[in-house]
Amino acid sequence: MTGRIDSRDRRIAVPLSRRHMPADFSISLEKYTARGTPEEARIPRDHGPRQSLRGFEETYRNIIDYIVRITYRIWEDREVEYIRDTYSDTSHVYDDYGLQLGDAKIVADTYHTTGAFSDIELVADEIVWAGDDEVGFHTSHRTIIRGTNDGPSRYGPATGRKVDVLVFANCVALENEIFLEHVLYNNSSLLRQLGFDLQAMAPTLAADPPAGWPRGAAVWADLKNAARPAAPLSVSEPVDGFDVDRFVRSTFDGLWNGRSFDGLATAYESEFAFQGPTDRAFKGARAYREMLESIFTAFPDLEMQVDEVYWMGNETEGYLTAQRWSGEGTHTGAGIFGEPTGREVQVWGITQQQLASGRVVREWMLFNELDLMMQLV
């Protein structure tokens with residue numbers, strides 16, 4: 001099966017099957033960078049094993065190599081125009097605030113950001129991938145943006161402050177082009193690191209919003225449904241034994257919709273590490289439960305769904321998972337987002353987990369908390 005073409009001559013992301021999930025870590029960021037060894041390097045001399053990359057530039061050896069080196073080339077080698085070679089001119093990019101069509105907006109935003117942070121680095125922290133060069137490569141790229149705000153940005157004049165910001169970019173690529181992307185920046189953390197007050201910035205940004213904000217109903221539906229399977233793999237392709245798809249979905253549903261915290265004891269290691277939106281970073285179930293309870297208090301009717309799951313690994317070595325999820329709720333409770341406004345909100349996010357022996361040992365999660373605050377203005 002190949003990427004389909006619709007009447008607007010753009011590819012449509014095809015949902016993945018179990019056969020598309022890598023069964024080991026032979027092609028992985030850890031192997032690529034030689035993480036934890038004396039030979040560790042962000043861009044190694046040996047770009048790893050050769051993988052079938054039909055239609056990709058010959059210089060790239062596998063999908064990890066492709067993602068790492070195009071990111072470095074665009075952002076740190078400052079070949080911003082190379083975006084036009086690696087993003088389809090009909091690409092659909094669902095960013096923090098809405099839908100961006102084509103590559104022109106990506107080019108403009110990249111020039112803007114490199115101008116605001118002249119020493120910017122985009123350090124690959126993890127890449128979970130699945131797929132192939134027929135159905136498309138799905139990649140969940142966890143990145144750390146580092147730099148000094150030494151130029152003007154959309155938030156105002158240069159502050160001179162250094163930032164360290166988590167980003168998730170979930171992409172689908174075929175033939176050297178990314179044609180679908182869901183990308184989240186930890187903007188609430190960014191603004192705090194730049195010295196801004198989030199409560200003051202939310203109404204300012206809502207009054208003069210970024211392109212695409214607020215999302216309309218059609219964009220919201222497309223954002224959720226892009227690459228989403230008709231039925232979960234745990235239903236359409238059931239397996240015996242431990243099933244990553246079933247584990248991820250049932251754990252998520254139990255916590256977020258069932259409001260049951262039993263999963264924190266059964267599905268998570270006792271001292272699992274968590275990093276999340278704004279500046280949330282902690283270990284263990286108690287802090288995780290407090291975070292969820294604060295959200296449920298503000299949005300008592302919040303209802304969530306998992307839109308896409310893929311993974312790599314096996315029971316012996318463990319798994320790395322990527323999950324994209326979305327939900328809606330009404331701000332009827334007082335708490336972390338102030339007094340109730342009665343406003344309906346949309347929230348979507350990306351989570352990566354490291355699993356060992358059928359339990360979560362580490363979790364990284366982002367949703368755009370600043371966008372959520374803007375919706376409450």
# chains A, B, ... in the order shown; residues from 1 in each chain; ligands from 1

call {"tool": "residues_around", "arguments": {"residues": "Thr332 of chain A", "least_positions_apart": "6", "cutoff": "12 Å", "atoms": "only C-alpha atoms", "output": "list of chain:residue names"}}
result
A:Ile295, A:Phe296, A:Thr297, A:Ala298, A:Phe299, A:Pro300, A:Asp301, A:Leu302, A:Gly338, A:Glu339, A:Pro340, A:Thr341, A:Gly342, A:Arg343, A:Glu344, A:Val345, A:Leu376

call {"tool": "residues_around", "arguments": {"residues": "segment 181-186 of chain A", "least_positions_apart": "4", "cutoff": "10 Å", "atoms": "only C-alpha atoms", "output": "PyMOL selection string"}}
result
chain A and resi 87+91-100+138-145+164-173+190-191+223-224+226+276-279+324+348-350+365-370

call {"tool": "write_last_selection", "arguments": {"atoms": "C-alpha atoms", "output": "mmCIF file, in the first residue's frame"}}
result
data_model
loop_
_atom_site.group_PDB
_atom_site.id
_atom_site.type_symbol
_atom_site.label_atom_id
_atom_site.label_comp_id
_atom_site.auth_asym_id
_atom_site.auth_seq_id
_atom_site.Cartn_x
_atom_site.Cartn_y
_atom_site.Cartn_z
ATOM 1 C CA TYR A 87 8.600 19.322 3.117
ATOM 2 C CA SER A 91 2.155 19.518 3.455
ATOM 3 C CA HIS A 92 -0.300 19.774 6.333
ATOM 4 C CA VAL A 93 1.386 20.915 9.548
ATOM 5 C CA TYR A 94 -0.752 21.005 12.679
ATOM 6 C CA ASP A 95 1.226 23.190 15.051
ATOM 7 C CA ASP A 96 0.484 24.550 18.516
ATOM 8 C CA TYR A 97 -2.220 26.866 17.240
ATOM 9 C CA GLY A 98 -3.718 25.566 14.010
ATOM 10 C CA LEU A 99 -3.099 24.270 10.504
ATOM 11 C CA GLN A 100 -0.276 25.535 8.309
ATOM 12 C CA HIS A 138 6.089 7.845 10.926
ATOM 13 C CA THR A 139 8.554 9.511 13.277
ATOM 14 C CA SER A 140 8.085 11.030 16.724
ATOM 15 C CA HIS A 141 11.048 13.346 17.197
ATOM 16 C CA ARG A 142 11.659 14.590 20.739
ATOM 17 C CA THR A 143 13.969 17.581 20.549
ATOM 18 C CA ILE A 144 15.524 20.050 22.941
ATOM 19 C CA ILE A 145 15.878 23.599 21.623
ATOM 20 C CA ASP A 164 16.040 25.048 27.014
ATOM 21 C CA VAL A 165 12.719 24.013 25.473
ATOM 22 C CA LEU A 166 11.167 20.606 24.797
ATOM 23 C CA VAL A 167 9.583 20.007 21.376
ATOM 24 C CA PHE A 168 7.711 17.071 19.859
ATOM 25 C CA ALA A 169 7.412 16.733 16.077
ATOM 26 C CA ASN A 170 5.421 13.750 14.806
ATOM 27 C CA CYS A 171 5.956 13.516 11.047
ATOM 28 C CA VAL A 172 5.026 11.266 8.154
ATOM 29 C CA ALA A 173 7.482 11.228 5.246
ATOM 30 C CA LEU A 190 9.643 29.154 26.708
ATOM 31 C CA LEU A 191 7.804 32.295 27.783
ATOM 32 C CA LEU A 223 -5.986 17.140 13.258
ATOM 33 C CA LYS A 224 -7.453 14.268 15.268
ATOM 34 C CA ALA A 226 -4.918 12.268 10.409
ATOM 35 C CA GLY A 276 5.805 17.520 30.764
ATOM 36 C CA PRO A 277 4.270 20.852 29.772
ATOM 37 C CA THR A 278 5.460 24.167 31.196
ATOM 38 C CA ASP A 279 8.094 23.207 33.775
ATOM 39 C CA ARG A 324 -0.914 11.236 19.902
ATOM 40 C CA TRP A 348 -4.198 17.710 22.011
ATOM 41 C CA GLY A 349 -0.851 16.264 22.900
ATOM 42 C CA ILE A 350 1.961 13.843 22.235
ATOM 43 C CA MET A 365 4.352 14.451 27.469
ATOM 44 C CA LEU A 366 3.435 17.760 25.869
ATOM 45 C CA PHE A 367 0.300 19.723 25.198
ATOM 46 C CA ASN A 368 0.259 23.437 24.473
ATOM 47 C CA GLU A 369 -0.707 24.836 27.855
ATOM 48 C CA LEU A 370 -0.385 28.387 26.550
#

call {"tool": "closest_atom_pairs", "arguments": {"of": "segment 115-154 of chain A", "to": "segment 305-316 of chain A", "cutoff": "7 Å", "atoms": "only C-alpha atoms", "output": "tab-separated table"}}
result
residue	atom	partner	partner_atom	distance
A:Val128	CA	A:Trp311	CA	6.6
A:Trp129	CA	A:Trp311	CA	6.8
A:Ala130	CA	A:Tyr310	CA	6.5

call {"tool": "select_by_dssp", "arguments": {"residues": "segment 80-166 of chain A", "states": "strand (DSSP E)", "output": "PyMOL selection string"}}
result
chain A and resi 87-94+99-101+121-132+136-148+162-166

call {"tool": "write_last_selection", "arguments": {"atoms": "N, CA and C atoms", "output": "compact mmCIF listing (two decimals), in the first residue's frame"}}
result
# COMPACT_ATOMS: atom_id res chain seq x y z
N TYR A 87 10.03 19.22 2.83
CA TYR A 87 8.60 19.32 3.12
C TYR A 87 7.86 19.46 1.80
N SER A 88 6.77 18.71 1.68
CA SER A 88 5.94 18.82 0.49
C SER A 88 5.32 20.21 0.40
N ASP A 89 5.16 20.70 -0.82
CA ASP A 89 4.54 22.02 -0.98
C ASP A 89 3.04 21.97 -0.72
N THR A 90 2.51 20.75 -0.46
CA THR A 90 1.11 20.62 -0.03
C THR A 90 1.04 20.00 1.37
N SER A 91 2.12 20.12 2.12
CA SER A 91 2.15 19.52 3.46
C SER A 91 1.11 20.14 4.37
N HIS A 92 0.62 19.33 5.29
CA HIS A 92 -0.30 19.77 6.33
C HIS A 92 0.45 19.70 7.66
N VAL A 93 0.67 20.85 8.28
CA VAL A 93 1.39 20.91 9.55
C VAL A 93 0.43 21.45 10.61
N TYR A 94 0.08 20.59 11.56
CA TYR A 94 -0.75 21.01 12.68
C TYR A 94 0.19 21.41 13.81
N LEU A 99 -3.58 24.97 11.69
CA LEU A 99 -3.10 24.27 10.50
C LEU A 99 -2.30 25.22 9.63
N GLN A 100 -1.10 24.80 9.25
CA GLN A 100 -0.28 25.54 8.31
C GLN A 100 -0.15 24.68 7.04
N LEU A 101 -0.45 25.26 5.90
CA LEU A 101 -0.44 24.54 4.64
C LEU A 101 0.81 24.89 3.83
N GLU A 121 20.41 25.62 18.92
CA GLU A 121 20.71 24.21 18.68
C GLU A 121 19.43 23.41 18.84
N LEU A 122 19.24 22.44 17.98
CA LEU A 122 18.13 21.49 18.11
C LEU A 122 18.73 20.12 18.34
N VAL A 123 18.71 19.69 19.58
CA VAL A 123 19.38 18.46 19.98
C VAL A 123 18.36 17.32 20.02
N ALA A 124 18.60 16.30 19.21
CA ALA A 124 17.70 15.14 19.20
C ALA A 124 17.81 14.40 20.52
N ASP A 125 16.67 14.24 21.21
CA ASP A 125 16.64 13.55 22.49
C ASP A 125 16.11 12.13 22.35
N GLU A 126 15.21 11.93 21.39
CA GLU A 126 14.73 10.59 21.05
C GLU A 126 13.95 10.65 19.75
N ILE A 127 13.96 9.57 19.01
CA ILE A 127 13.13 9.42 17.82
C ILE A 127 12.51 8.03 17.85
N VAL A 128 11.21 7.99 17.97
CA VAL A 128 10.46 6.73 17.83
C VAL A 128 9.94 6.68 16.41
N TRP A 129 10.19 5.56 15.72
CA TRP A 129 9.76 5.49 14.32
C TRP A 129 9.06 4.17 14.03
N ALA A 130 8.28 4.19 12.96
CA ALA A 130 7.63 2.98 12.44
C ALA A 130 7.31 3.24 10.98
N GLY A 131 6.91 2.20 10.25
CA GLY A 131 6.57 2.35 8.84
C GLY A 131 7.68 1.93 7.91
N ASP A 132 7.53 2.31 6.64
CA ASP A 132 8.54 1.99 5.64
C ASP A 132 8.37 2.95 4.46
N GLY A 136 4.92 4.92 4.25
CA GLY A 136 5.39 6.17 4.83
C GLY A 136 6.08 5.92 6.16
N PHE A 137 7.09 6.71 6.46
CA PHE A 137 7.78 6.63 7.74
C PHE A 137 7.10 7.58 8.72
N HIS A 138 6.65 7.05 9.84
CA HIS A 138 6.09 7.84 10.93
C HIS A 138 7.18 8.02 11.98
N THR A 139 7.49 9.24 12.32
CA THR A 139 8.55 9.51 13.28
C THR A 139 8.06 10.47 14.35
N SER A 140 8.38 10.15 15.60
CA SER A 140 8.09 11.03 16.72
C SER A 140 9.42 11.52 17.26
N HIS A 141 9.73 12.77 16.94
CA HIS A 141 11.05 13.35 17.20
C HIS A 141 10.96 14.23 18.44
N ARG A 142 11.57 13.78 19.52
CA ARG A 142 11.66 14.59 20.74
C ARG A 142 12.97 15.38 20.70
N THR A 143 12.83 16.69 20.76
CA THR A 143 13.97 17.58 20.55
C THR A 143 14.07 18.57 21.70
N ILE A 144 15.29 18.97 21.99
CA ILE A 144 15.52 20.05 22.94
C ILE A 144 16.09 21.23 22.17
N ILE A 145 15.39 22.36 22.24
CA ILE A 145 15.88 23.60 21.62
C ILE A 145 16.64 24.39 22.67
N ARG A 146 17.87 24.73 22.34
CA ARG A 146 18.69 25.55 23.23
C ARG A 146 19.20 26.76 22.46
N GLY A 147 19.27 27.89 23.16
CA GLY A 147 19.79 29.08 22.51
C GLY A 147 19.64 30.30 23.39
N THR A 148 20.19 31.40 22.92
CA THR A 148 20.13 32.68 23.62
C THR A 148 19.25 33.64 22.83
N LYS A 162 18.85 32.69 28.13
CA LYS A 162 19.05 31.38 27.52
C LYS A 162 17.81 30.52 27.76
N VAL A 163 17.49 29.68 26.78
CA VAL A 163 16.32 28.82 26.90
C VAL A 163 16.69 27.37 26.63
N ASP A 164 15.89 26.49 27.19
CA ASP A 164 16.04 25.05 27.01
C ASP A 164 14.62 24.51 26.93
N VAL A 165 14.14 24.23 25.72
CA VAL A 165 12.72 24.01 25.47
C VAL A 165 12.49 22.66 24.82
N LEU A 166 11.53 21.91 25.35
CA LEU A 166 11.17 20.61 24.80
C LEU A 166 10.20 20.78 23.63

call {"tool": "residues_around", "arguments": {"residues": "segment 51-54 of chain A", "least_positions_apart": "5", "cutoff": "8 Å", "atoms": "only C-alpha atoms", "output": "ChimeraX atom specification"}}
result
/A:61-63,132-134,175

call {"tool": "closest_residue", "arguments": {"among": "A:Leu174, A:Ile74, A:Ala34, A:Ala217", "to": "Ile12 of chain A", "atoms": "only C-alpha atoms"}}
result
A:Leu174

call {"tool": "select_by_dssp", "arguments": {"residues": "segment 53-162 of chain A", "states": "alpha helix (DSSP H)", "output": "PyMOL selection string"}}
result
chain A and resi 63-75+83-86+104-116
